[in-house]
file run.cif (mmCIF, C-alpha atoms)
data_upload
#
loop_
_atom_site.group_PDB
_atom_site.id
_atom_site.type_symbol
_atom_site.label_atom_id
_atom_site.label_comp_id
_atom_site.auth_asym_id
_atom_site.auth_seq_id
_atom_site.Cartn_x
_atom_site.Cartn_y
_atom_site.Cartn_z
ATOM 1 C CA TYR A 56 103.958 77.600 101.970
ATOM 2 C CA ALA A 57 104.733 78.410 98.336
ATOM 3 C CA CYS A 58 102.711 80.989 96.383
ATOM 4 C CA GLU A 59 102.680 80.686 92.592
ATOM 5 C CA TRP A 60 100.214 81.801 89.921
ATOM 6 C CA ASN A 61 101.681 80.176 86.801
ATOM 7 C CA PRO A 62 100.002 76.759 86.339
ATOM 8 C CA ASP A 63 103.063 75.308 84.576
ATOM 9 C CA ALA A 64 105.303 76.428 87.444
ATOM 10 C CA VAL A 65 102.823 74.944 89.942
ATOM 11 C CA PHE A 66 102.913 71.620 88.092
ATOM 12 C CA ALA A 67 106.743 71.628 88.129
ATOM 13 C CA LEU A 68 106.833 72.658 91.796
ATOM 14 C CA ASN A 69 104.479 69.862 92.859
ATOM 15 C CA PHE A 70 106.482 67.360 90.792
ATOM 16 C CA ASN A 71 109.777 68.423 92.397
ATOM 17 C CA LEU A 72 108.324 68.420 95.911
ATOM 18 C CA ARG A 73 107.118 64.870 95.371
ATOM 19 C CA GLN A 74 110.383 63.695 93.757
ATOM 20 C CA ASN A 75 112.368 65.047 96.703
ATOM 21 C CA ASN A 76 109.931 63.565 99.203
ATOM 22 C CA VAL A 77 109.183 66.924 100.864
ATOM 23 C CA HIS A 78 105.622 67.315 99.604
ATOM 24 C CA GLU A 79 104.196 66.940 103.110
ATOM 25 C CA ARG A 80 106.279 69.872 104.322
ATOM 26 C CA CYS A 81 105.129 72.434 101.749
ATOM 27 C CA LYS A 82 101.633 73.637 100.912
ATOM 28 C CA VAL A 83 101.292 75.190 97.448
ATOM 29 C CA LEU A 84 98.948 78.189 97.281
ATOM 30 C CA GLN A 85 98.092 78.638 93.622
ATOM 31 C CA GLY A 86 96.904 81.990 92.327
ATOM 32 C CA ASP A 87 97.507 85.690 92.991
ATOM 33 C CA SER A 88 99.598 85.834 96.180
ATOM 34 C CA ARG A 89 97.891 89.086 97.172
ATOM 35 C CA LEU A 90 94.866 86.854 97.833
ATOM 36 C CA THR A 91 96.178 83.348 98.479
ATOM 37 C CA SER A 92 98.735 84.444 101.094
ATOM 38 C CA ARG A 93 95.864 85.362 103.402
ATOM 39 C CA ALA A 94 95.578 81.646 104.138
ATOM 40 C CA CYS A 95 98.838 81.752 106.104
ATOM 41 C CA ALA A 96 98.215 84.906 108.160
ATOM 42 C CA ASN A 97 100.035 84.805 111.526
ATOM 43 C CA LEU A 98 101.635 81.438 110.707
ATOM 44 C CA VAL A 99 105.146 81.986 109.318
ATOM 45 C CA ASP A 100 108.611 83.039 110.498
ATOM 46 C CA ARG A 101 110.085 84.097 107.162
ATOM 47 C CA VAL A 102 108.765 85.471 103.857
ATOM 48 C CA SER A 103 110.672 85.645 100.573
ATOM 49 C CA LEU A 104 109.383 88.462 98.342
ATOM 50 C CA GLY A 105 111.200 87.657 95.123
ATOM 51 C CA LEU A 106 108.974 89.219 92.469
ATOM 52 C CA LEU A 107 110.794 91.633 90.140
ATOM 53 C CA PRO A 108 110.923 94.477 89.444
ATOM 54 C CA SER A 109 108.827 95.038 92.596
ATOM 55 C CA SER A 110 106.929 92.961 95.171
ATOM 56 C CA GLU A 111 105.400 96.063 96.778
ATOM 57 C CA GLY A 112 101.832 94.979 96.087
ATOM 58 C CA CYS A 113 102.239 92.032 98.467
ATOM 59 C CA TRP A 114 104.015 93.741 101.361
ATOM 60 C CA ALA A 115 100.885 94.008 103.512
ATOM 61 C CA PRO A 116 99.974 90.290 103.199
ATOM 62 C CA ALA A 117 103.647 89.424 103.858
ATOM 63 C CA VAL A 118 103.702 91.375 107.121
ATOM 64 C CA LEU A 119 100.402 89.781 108.161
ATOM 65 C CA SER A 120 101.848 86.329 107.514
ATOM 66 C CA LEU A 121 104.452 86.797 110.265
ATOM 67 C CA LYS A 122 103.626 85.360 113.676
ATOM 68 C CA HIS A 123 102.052 87.979 115.904
ATOM 69 C CA THR A 124 104.075 86.960 118.980
ATOM 70 C CA THR A 125 107.556 86.750 117.459
ATOM 71 C CA GLY A 126 107.582 88.577 114.120
ATOM 72 C CA GLY A 127 110.083 87.283 111.607
ATOM 73 C CA TRP A 128 112.165 87.938 108.506
ATOM 74 C CA LEU A 129 111.291 89.563 105.191
ATOM 75 C CA HIS A 130 113.652 89.006 102.259
ATOM 76 C CA VAL A 131 112.691 91.769 99.844
ATOM 77 C CA HIS A 132 113.946 91.760 96.250
ATOM 78 C CA ALA A 133 113.809 94.727 93.860
ATOM 79 C CA ASN A 134 115.545 96.413 90.956
ATOM 80 C CA VAL A 135 117.142 99.481 92.546
ATOM 81 C CA ALA A 136 119.258 102.385 91.298
ATOM 82 C CA LYS A 137 122.843 101.773 92.436
ATOM 83 C CA LYS A 138 123.086 105.134 94.201
ATOM 84 C CA GLU A 139 119.873 104.461 96.182
ATOM 85 C CA LYS A 140 120.863 101.133 97.764
ATOM 86 C CA LYS A 141 120.917 102.224 101.424
ATOM 87 C CA ALA A 142 118.005 104.662 101.117
ATOM 88 C CA TRP A 143 115.880 101.956 99.466
ATOM 89 C CA SER A 144 116.449 99.410 102.233
ATOM 90 C CA ARG A 145 115.631 101.930 104.991
ATOM 91 C CA TRP A 146 112.491 103.016 103.116
ATOM 92 C CA VAL A 147 111.318 99.408 102.747
ATOM 93 C CA ALA A 148 111.804 98.794 106.495
ATOM 94 C CA TRP A 149 109.919 102.028 107.286
ATOM 95 C CA ARG A 150 107.028 100.972 105.054
ATOM 96 C CA MET A 151 106.873 97.478 106.580
ATOM 97 C CA LEU A 152 106.799 98.918 110.089
ATOM 98 C CA GLY A 153 103.944 101.241 109.135
ATOM 99 C CA ILE A 154 101.926 98.264 107.878
ATOM 100 C CA ALA A 155 102.633 96.345 111.110
ATOM 101 C CA GLU A 156 101.541 99.234 113.307
ATOM 102 C CA ARG A 157 98.291 99.724 111.402
ATOM 103 C CA ALA A 158 97.667 95.998 111.897
ATOM 104 C CA GLY A 159 97.797 96.523 115.649
ATOM 105 C CA ARG A 160 101.272 95.081 116.204
ATOM 106 C CA ALA A 161 102.389 97.690 118.715
ATOM 107 C CA GLY A 162 105.904 97.565 120.084
ATOM 108 C CA TRP A 163 107.417 96.176 116.893
ATOM 109 C CA GLY A 164 110.626 97.445 115.334
ATOM 110 C CA ALA A 165 112.274 96.965 111.953
ATOM 111 C CA VAL A 166 115.991 96.446 111.346
ATOM 112 C CA VAL A 167 117.815 96.134 108.040
ATOM 113 C CA ASP A 168 120.282 93.324 108.716
ATOM 114 C CA LYS A 169 122.004 93.413 105.327
ATOM 115 C CA VAL A 170 121.511 94.254 101.667
ATOM 116 C CA GLU A 171 123.050 92.009 99.025
ATOM 117 C CA LYS A 172 123.527 92.545 95.320
ATOM 118 C CA VAL A 173 122.164 89.536 93.431
ATOM 119 C CA LYS A 174 123.197 90.721 89.989
ATOM 120 C CA SER A 175 123.424 93.733 87.740
ATOM 121 C CA PHE A 176 120.086 94.298 86.022
ATOM 122 C CA ALA A 177 120.832 97.281 83.767
ATOM 123 C CA PRO A 178 123.303 100.167 83.624
ATOM 124 C CA ASN A 179 123.151 101.823 87.073
ATOM 125 C CA VAL A 180 120.429 99.402 88.279
ATOM 126 C CA ASP A 181 121.058 96.359 90.482
ATOM 127 C CA HIS A 182 118.859 93.478 91.543
ATOM 128 C CA LEU A 183 119.125 93.727 95.351
ATOM 129 C CA VAL A 184 117.725 91.731 98.252
ATOM 130 C CA ALA A 185 117.262 93.288 101.699
ATOM 131 C CA ASP A 186 117.075 91.043 104.774
ATOM 132 C CA ILE A 187 114.780 92.832 107.218
ATOM 133 C CA TYR A 188 113.790 91.710 110.703
ATOM 134 C CA LEU A 189 110.323 92.904 111.720
ATOM 135 C CA GLY A 190 109.067 92.033 115.184
ATOM 136 C CA PRO A 191 108.885 92.899 118.894
ATOM 137 C CA ASP A 192 111.467 95.528 119.894
ATOM 138 C CA GLU A 193 112.224 93.849 123.188
ATOM 139 C CA GLY A 194 112.958 90.356 121.855
ATOM 140 C CA SER A 195 116.391 88.747 121.816
ATOM 141 C CA GLU A 196 116.174 88.423 118.015
ATOM 142 C CA ALA A 197 115.737 92.204 117.626
ATOM 143 C CA SER A 198 118.749 92.902 119.881
ATOM 144 C CA ALA A 199 120.957 90.401 118.045
ATOM 145 C CA VAL A 200 120.026 91.803 114.637
ATOM 146 C CA THR A 201 120.533 95.415 115.748
ATOM 147 C CA ASP A 202 123.976 94.584 117.165
ATOM 148 C CA ARG A 203 124.996 92.739 114.013
ATOM 149 C CA ALA A 204 123.636 95.385 111.632
ATOM 150 C CA GLY A 205 125.218 98.237 113.580
ATOM 151 C CA GLU A 206 122.180 100.430 112.899
ATOM 152 C CA PRO A 207 119.274 101.492 115.101
ATOM 153 C CA ALA A 208 115.827 100.035 114.511
ATOM 154 C CA VAL A 209 113.562 101.992 112.226
ATOM 155 C CA VAL A 210 110.988 103.772 114.368
ATOM 156 C CA GLU A 211 107.537 105.023 113.448
ATOM 157 C CA HIS A 212 108.073 108.612 114.504
ATOM 158 C CA GLU A 213 110.930 109.165 112.069
ATOM 159 C CA PRO A 214 110.216 111.840 109.474
ATOM 160 C CA ASP A 215 109.240 110.637 106.018
ATOM 161 C CA PRO A 216 112.382 109.126 104.497
ATOM 162 C CA PHE A 217 113.755 109.644 101.023
ATOM 163 C CA VAL A 218 111.588 107.658 98.621
ATOM 164 C CA PRO A 219 113.597 105.692 96.019
ATOM 165 C CA SER A 220 112.899 105.956 92.315
ATOM 166 C CA CYS A 221 111.847 102.272 92.188
ATOM 167 C CA ALA A 222 108.813 102.922 94.443
ATOM 168 C CA LEU A 223 105.599 102.075 92.606
ATOM 169 C CA SER A 224 103.875 105.053 91.044
ATOM 170 C CA LYS A 225 100.783 105.331 88.873
ATOM 171 C CA THR A 226 102.706 107.674 86.595
ATOM 172 C CA GLY A 227 106.146 106.067 86.913
ATOM 173 C CA ALA A 228 108.077 103.628 84.771
ATOM 174 C CA ILE A 229 107.145 100.766 87.112
ATOM 175 C CA SER A 230 103.371 100.783 86.919
ATOM 176 C CA GLN A 231 102.021 97.416 85.779
ATOM 177 C CA GLU A 232 98.709 96.637 87.494
ATOM 178 C CA TRP A 233 99.816 93.253 88.864
ATOM 179 C CA MET A 234 102.484 94.927 91.013
ATOM 180 C CA PHE A 235 100.126 97.107 93.044
ATOM 181 C CA PRO A 236 98.005 96.277 96.092
ATOM 182 C CA LEU A 237 94.604 95.105 94.905
ATOM 183 C CA GLU A 238 92.666 98.343 95.327
ATOM 184 C CA ASP A 239 95.293 100.291 93.390
ATOM 185 C CA ALA A 240 95.401 97.621 90.696
ATOM 186 C CA GLU A 241 91.683 98.086 90.144
ATOM 187 C CA GLY A 242 92.159 101.812 89.695
ATOM 188 C CA ALA A 243 90.571 102.911 92.978
ATOM 189 C CA GLY A 244 92.147 105.814 94.814
ATOM 190 C CA GLY A 245 94.561 106.752 92.034
ATOM 191 C CA GLY A 246 97.267 109.274 92.779
ATOM 192 C CA ASP A 247 100.938 108.857 93.441
ATOM 193 C CA ARG A 248 101.971 106.224 95.996
ATOM 194 C CA ARG A 249 105.417 107.690 96.568
ATOM 195 C CA GLY A 250 104.632 110.183 99.349
ATOM 196 C CA SER A 251 104.039 109.794 103.086
ATOM 197 C CA LYS A 252 102.357 106.843 104.780
ATOM 198 C CA THR A 253 98.903 108.429 104.706
ATOM 199 C CA ARG A 254 98.883 108.115 100.929
ATOM 200 C CA PHE A 255 99.419 104.365 101.168
ATOM 201 C CA ALA A 256 96.705 103.791 103.722
ATOM 202 C CA SER A 257 93.696 102.968 101.542
ATOM 203 C CA ALA A 258 95.068 100.009 99.576
ATOM 204 C CA GLU A 259 97.016 98.482 102.446
ATOM 205 C CA ASP A 260 94.305 99.034 105.024
ATOM 206 C CA GLU A 261 91.798 97.251 102.805
ATOM 207 C CA VAL A 262 94.104 94.214 102.826
ATOM 208 C CA LEU A 263 94.661 94.519 106.579
ATOM 209 C CA GLU A 264 90.962 94.751 107.362
ATOM 210 C CA PHE A 265 90.089 91.727 105.241
ATOM 211 C CA ALA A 266 93.032 89.513 106.140
ATOM 212 C CA LEU A 267 93.359 90.329 109.818
ATOM 213 C CA TYR A 268 89.964 91.292 111.171
ATOM 214 C CA ASP A 269 87.192 89.929 108.949
ATOM 215 C CA ARG A 270 87.422 86.164 108.647
ATOM 216 C CA PRO A 271 90.856 84.816 109.631
ATOM 217 C CA SER A 272 89.620 81.349 110.608
ATOM 218 C CA GLN A 273 87.739 80.877 107.349
ATOM 219 C CA LEU A 274 90.652 82.202 105.324
ATOM 220 C CA ARG A 275 93.070 79.823 106.994
ATOM 221 C CA GLY A 276 90.718 76.891 106.782
ATOM 222 C CA GLY A 277 88.175 76.008 104.187
ATOM 223 C CA GLU A 278 87.251 78.838 101.882
ATOM 224 C CA VAL A 279 90.546 79.642 100.168
ATOM 225 C CA GLU A 280 91.597 75.987 100.088
ATOM 226 C CA ALA A 281 88.282 74.928 98.548
ATOM 227 C CA GLU A 282 88.685 77.519 95.784
ATOM 228 C CA GLN A 283 92.271 76.403 95.169
ATOM 229 C CA GLU A 284 91.290 72.731 95.055
ATOM 230 C CA GLU A 285 88.562 73.545 92.532
ATOM 231 C CA GLU A 286 91.035 75.400 90.308
ATOM 232 C CA GLU A 287 93.603 72.636 90.637
ATOM 233 C CA GLU A 288 91.059 69.934 89.789
ATOM 234 C CA GLU A 289 90.418 71.691 86.496
ATOM 235 C CA LEU A 290 94.178 71.759 85.820
ATOM 236 C CA GLY A 291 94.715 68.175 86.942
ATOM 237 C CA ILE A 292 96.850 69.360 89.864
ATOM 238 C CA GLY A 293 96.089 68.628 93.490
ATOM 239 C CA PHE A 294 97.573 69.238 96.878
ATOM 240 C CA LEU A 295 100.128 66.569 97.649
ATOM 241 C CA GLY A 296 100.296 64.629 100.902
#
call {"tool": "encode", "arguments": {"input": "run.cif", "output": "structure tokens"}}
result
Amino acid sequence: YACEWNPDAVFALNFNLRQNNVHERCKVLQGDSRLTSRACANLVDRVSLGLLPSSEGCWAPAVLSLKHTTGGWLHVHANVAKKEKKAWSRWVAWRMLGIAERAGRAGWGAVVDKVEKVKSFAPNVDHLVADIYLGPDEGSEASAVTDRAGEPAVVEHEPDPFVPSCALSKTGAISQEWMFPLEDAEGAGGGDRRGSKTRFASAEDEVLEFALYDRPSQLRGGEVEAEQEEEEEELGIGFLG
């Protein structure tokens, strides 16, 4: 699956998929990924969250996309203060685990496998990517990742961790509406999202309730696809294959 909301980028993506003869292996979900990604709930092994400066608004749908039985990998990009590199990655893993547990995925753990610098973004700020395994604690994948990372899994009963300065905040420097979970983007709830998990619950739980419990079969099947096909017809773009 590939999520993209820029129609020109969608056109180029479809063209390149076709030119490389891989169009039957990739489904393009056009539109806001906070909505379109619901179509692949419980279907994927790996999610790339590459939106900068923050992909935080799509963390809940990303976690829900992972297969319930095996979990998977989250590759989380962000612009992070150099001195907060380790604290940021642990905080992201802690947040992801909280989302998973509220979605009913008991017995899951989160491990930061590695954090890589992609490039320097500004003085004292780096574009980083954290590779995080999120899935059943008892699985062989979790053990292998923990051994390789040399760090214990993040657990839910840990005290609230240090919150990095790049965390989304209604009053912070990073505050564009398109970065937040949908409820926050619409102005509901308000407040500062940089505290403990209870302050994140409303926006994320709305996504969890809709994507996981309400209509998963419809979301995976006809409804979202029909809307996407309609939009793509208008743009002269269709699903390939």
call {"tool": "atom_distance", "arguments": {"input": "run.cif", "atom1": "CA of Lys122 in chain A", "atom2": "CA of Tyr188 in chain A"}}
result
12.3 Å
call {"tool": "atom_distance", "arguments": {"input": "run.cif", "atom1": "CA of Met151 in chain A", "atom2": "CA of Arg80 in chain A"}}
result
27.7 Å
call {"tool": "closest_residue", "arguments": {"input": "run.cif", "among": "A:Val218, A:Ala148, A:Leu84, A:Leu183", "to": "Leu68 in chain A", "atoms": "only C-alpha atoms"}}
result
A:Leu84
call {"tool": "resolve_selection", "arguments": {"input": "run.cif", "expression": "the PyMOL selection byres ((chain A and resi 166) around 6)", "output": "VMD selection string"}}
result
chain A and resid 165 167 to 168 187 to 188 208
call {"tool": "atom_distance", "arguments": {"input": "run.cif", "atom1": "CA of Ala185 in chain A", "atom2": "CA of Asp100 in chain A"}}
result
16.0 Å
call {"tool": "residues_around", "arguments": {"input": "run.cif", "residues": "Lys140 in chain A", "least_positions_apart": "3", "cutoff": "9 Å", "atoms": "all atoms listed in the file", "output": "list in words"}}
result
Val135, Ala136, Lys137, Trp143, Ser144, Arg145, Val170, Asp181, Leu183 and Pro219 of chain A
call {"tool": "residues_near_point", "arguments": {"input": "run.cif", "point": "(109.1, 97.7, 92.0)", "cutoff": "6 Å", "atoms": "all atoms listed in the file", "output": "PyMOL selection string"}}
result
chain A and resi 108-109+133+221-223
call {"tool": "closest_residue", "arguments": {"input": "run.cif", "among": "A:Ala177, A:Cys58, A:Leu189, A:Val65", "to": "Gly126 in chain A", "atoms": "all atoms listed in the file"}}
result
A:Leu189
call {"tool": "decode", "arguments": {"input": "run.cif", "residues": "range 163-175 of chain A", "atoms": "all heavy atoms", "output": "PDB file, in the first residue's frame"}}
result
ATOM      1  N   TRP A 163       1.711  -7.106  23.985  1.00  0.00           N
ATOM      2  CA  TRP A 163       2.658  -6.567  23.012  1.00  0.00           C
ATOM      3  C   TRP A 163       3.768  -5.800  23.731  1.00  0.00           C
ATOM      4  O   TRP A 163       3.570  -5.264  24.823  1.00  0.00           O
ATOM      5  CB  TRP A 163       1.952  -5.630  22.032  1.00  0.00           C
ATOM      6  CG  TRP A 163       1.299  -6.345  20.890  1.00  0.00           C
ATOM      7  CD1 TRP A 163       0.829  -7.622  20.883  1.00  0.00           C
ATOM      8  CD2 TRP A 163       1.049  -5.821  19.586  1.00  0.00           C
ATOM      9  NE1 TRP A 163       0.293  -7.931  19.661  1.00  0.00           N
ATOM     10  CE2 TRP A 163       0.409  -6.841  18.838  1.00  0.00           C
ATOM     11  CE3 TRP A 163       1.281  -4.600  18.966  1.00  0.00           C
ATOM     12  CZ2 TRP A 163       0.009  -6.676  17.516  1.00  0.00           C
ATOM     13  CZ3 TRP A 163       0.889  -4.426  17.652  1.00  0.00           C
ATOM     14  CH2 TRP A 163       0.258  -5.458  16.934  1.00  0.00           C
ATOM     15  N   GLY A 164       4.925  -5.751  23.098  1.00  0.00           N
ATOM     16  CA  GLY A 164       6.029  -4.939  23.582  1.00  0.00           C
ATOM     17  C   GLY A 164       6.553  -4.067  22.455  1.00  0.00           C
ATOM     18  O   GLY A 164       6.217  -4.278  21.285  1.00  0.00           O
ATOM     19  N   ALA A 165       7.365  -3.087  22.812  1.00  0.00           N
ATOM     20  CA  ALA A 165       7.956  -2.197  21.810  1.00  0.00           C
ATOM     21  C   ALA A 165       9.453  -2.112  22.058  1.00  0.00           C
ATOM     22  O   ALA A 165       9.885  -1.938  23.198  1.00  0.00           O
ATOM     23  CB  ALA A 165       7.326  -0.814  21.877  1.00  0.00           C
ATOM     24  N   VAL A 166      10.241  -2.256  21.008  1.00  0.00           N
ATOM     25  CA  VAL A 166      11.695  -2.195  21.124  1.00  0.00           C
ATOM     26  C   VAL A 166      12.244  -1.253  20.057  1.00  0.00           C
ATOM     27  O   VAL A 166      11.892  -1.363  18.883  1.00  0.00           O
ATOM     28  CB  VAL A 166      12.350  -3.582  20.925  1.00  0.00           C
ATOM     29  CG1 VAL A 166      13.846  -3.495  21.193  1.00  0.00           C
ATOM     30  CG2 VAL A 166      11.710  -4.618  21.834  1.00  0.00           C
ATOM     31  N   VAL A 167      13.096  -0.337  20.491  1.00  0.00           N
ATOM     32  CA  VAL A 167      13.797   0.529  19.537  1.00  0.00           C
ATOM     33  C   VAL A 167      15.018  -0.239  19.049  1.00  0.00           C
ATOM     34  O   VAL A 167      15.969  -0.471  19.801  1.00  0.00           O
ATOM     35  CB  VAL A 167      14.224   1.856  20.192  1.00  0.00           C
ATOM     36  CG1 VAL A 167      14.956   2.723  19.179  1.00  0.00           C
ATOM     37  CG2 VAL A 167      13.017   2.597  20.755  1.00  0.00           C
ATOM     38  N   ASP A 168      14.999  -0.655  17.805  1.00  0.00           N
ATOM     39  CA  ASP A 168      16.111  -1.435  17.250  1.00  0.00           C
ATOM     40  C   ASP A 168      17.299  -0.529  16.962  1.00  0.00           C
ATOM     41  O   ASP A 168      18.421  -0.802  17.351  1.00  0.00           O
ATOM     42  CB  ASP A 168      15.647  -2.149  15.980  1.00  0.00           C
ATOM     43  CG  ASP A 168      16.718  -3.063  15.409  1.00  0.00           C
ATOM     44  OD1 ASP A 168      17.449  -3.672  16.206  1.00  0.00           O
ATOM     45  OD2 ASP A 168      16.828  -3.162  14.177  1.00  0.00           O
ATOM     46  N   LYS A 169      17.045   0.578  16.252  1.00  0.00           N
ATOM     47  CA  LYS A 169      18.130   1.534  15.998  1.00  0.00           C
ATOM     48  C   LYS A 169      17.543   2.876  15.590  1.00  0.00           C
ATOM     49  O   LYS A 169      16.380   2.968  15.178  1.00  0.00           O
ATOM     50  CB  LYS A 169      19.088   1.018  14.931  1.00  0.00           C
ATOM     51  CG  LYS A 169      18.446   0.729  13.596  1.00  0.00           C
ATOM     52  CD  LYS A 169      19.469   0.144  12.622  1.00  0.00           C
ATOM     53  CE  LYS A 169      18.795  -0.242  11.313  1.00  0.00           C
ATOM     54  NZ  LYS A 169      19.736  -0.777  10.339  1.00  0.00           N
ATOM     55  N   VAL A 170      18.363   3.898  15.715  1.00  0.00           N
ATOM     56  CA  VAL A 170      17.989   5.255  15.308  1.00  0.00           C
ATOM     57  C   VAL A 170      19.084   5.776  14.397  1.00  0.00           C
ATOM     58  O   VAL A 170      20.259   5.797  14.777  1.00  0.00           O
ATOM     59  CB  VAL A 170      17.824   6.192  16.524  1.00  0.00           C
ATOM     60  CG1 VAL A 170      17.366   7.578  16.059  1.00  0.00           C
ATOM     61  CG2 VAL A 170      16.844   5.620  17.533  1.00  0.00           C
ATOM     62  N   GLU A 171      18.704   6.161  13.188  1.00  0.00           N
ATOM     63  CA  GLU A 171      19.691   6.631  12.209  1.00  0.00           C
ATOM     64  C   GLU A 171      19.482   8.110  11.900  1.00  0.00           C
ATOM     65  O   GLU A 171      18.337   8.577  11.810  1.00  0.00           O
ATOM     66  CB  GLU A 171      19.559   5.839  10.899  1.00  0.00           C
ATOM     67  CG  GLU A 171      19.848   4.355  11.023  1.00  0.00           C
ATOM     68  CD  GLU A 171      21.332   4.044  11.118  1.00  0.00           C
ATOM     69  OE1 GLU A 171      22.155   4.987  10.970  1.00  0.00           O
ATOM     70  OE2 GLU A 171      21.674   2.872  11.342  1.00  0.00           O
ATOM     71  N   LYS A 172      20.582   8.801  11.712  1.00  0.00           N
ATOM     72  CA  LYS A 172      20.512  10.183  11.229  1.00  0.00           C
ATOM     73  C   LYS A 172      20.416  10.147   9.712  1.00  0.00           C
ATOM     74  O   LYS A 172      21.250   9.533   9.043  1.00  0.00           O
ATOM     75  CB  LYS A 172      21.753  10.961  11.662  1.00  0.00           C
ATOM     76  CG  LYS A 172      21.817  12.368  11.091  1.00  0.00           C
ATOM     77  CD  LYS A 172      23.100  13.080  11.512  1.00  0.00           C
ATOM     78  CE  LYS A 172      23.247  14.410  10.787  1.00  0.00           C
ATOM     79  NZ  LYS A 172      24.483  15.124  11.180  1.00  0.00           N
ATOM     80  N   VAL A 173      19.386  10.760   9.158  1.00  0.00           N
ATOM     81  CA  VAL A 173      19.234  10.839   7.705  1.00  0.00           C
ATOM     82  C   VAL A 173      20.037  12.016   7.172  1.00  0.00           C
ATOM     83  O   VAL A 173      20.788  11.906   6.212  1.00  0.00           O
ATOM     84  CB  VAL A 173      17.742  10.972   7.315  1.00  0.00           C
ATOM     85  CG1 VAL A 173      17.580  11.078   5.804  1.00  0.00           C
ATOM     86  CG2 VAL A 173      16.939   9.793   7.862  1.00  0.00           C
ATOM     87  N   LYS A 174      19.860  13.159   7.846  1.00  0.00           N
ATOM     88  CA  LYS A 174      20.604  14.356   7.431  1.00  0.00           C
ATOM     89  C   LYS A 174      20.454  15.418   8.511  1.00  0.00           C
ATOM     90  O   LYS A 174      19.579  15.320   9.376  1.00  0.00           O
ATOM     91  CB  LYS A 174      20.070  14.906   6.100  1.00  0.00           C
ATOM     92  CG  LYS A 174      18.615  15.342   6.136  1.00  0.00           C
ATOM     93  CD  LYS A 174      18.153  15.828   4.775  1.00  0.00           C
ATOM     94  CE  LYS A 174      16.702  16.292   4.778  1.00  0.00           C
ATOM     95  NZ  LYS A 174      15.751  15.214   5.042  1.00  0.00           N
ATOM     96  N   SER A 175      21.278  16.423   8.421  1.00  0.00           N
ATOM     97  CA  SER A 175      21.118  17.585   9.299  1.00  0.00           C
ATOM     98  C   SER A 175      19.995  18.448   8.731  1.00  0.00           C
ATOM     99  O   SER A 175      19.938  18.680   7.522  1.00  0.00           O
ATOM    100  CB  SER A 175      22.415  18.383   9.355  1.00  0.00           C
ATOM    101  OG  SER A 175      22.236  19.541  10.140  1.00  0.00           O
TER     102      SER A 175
END
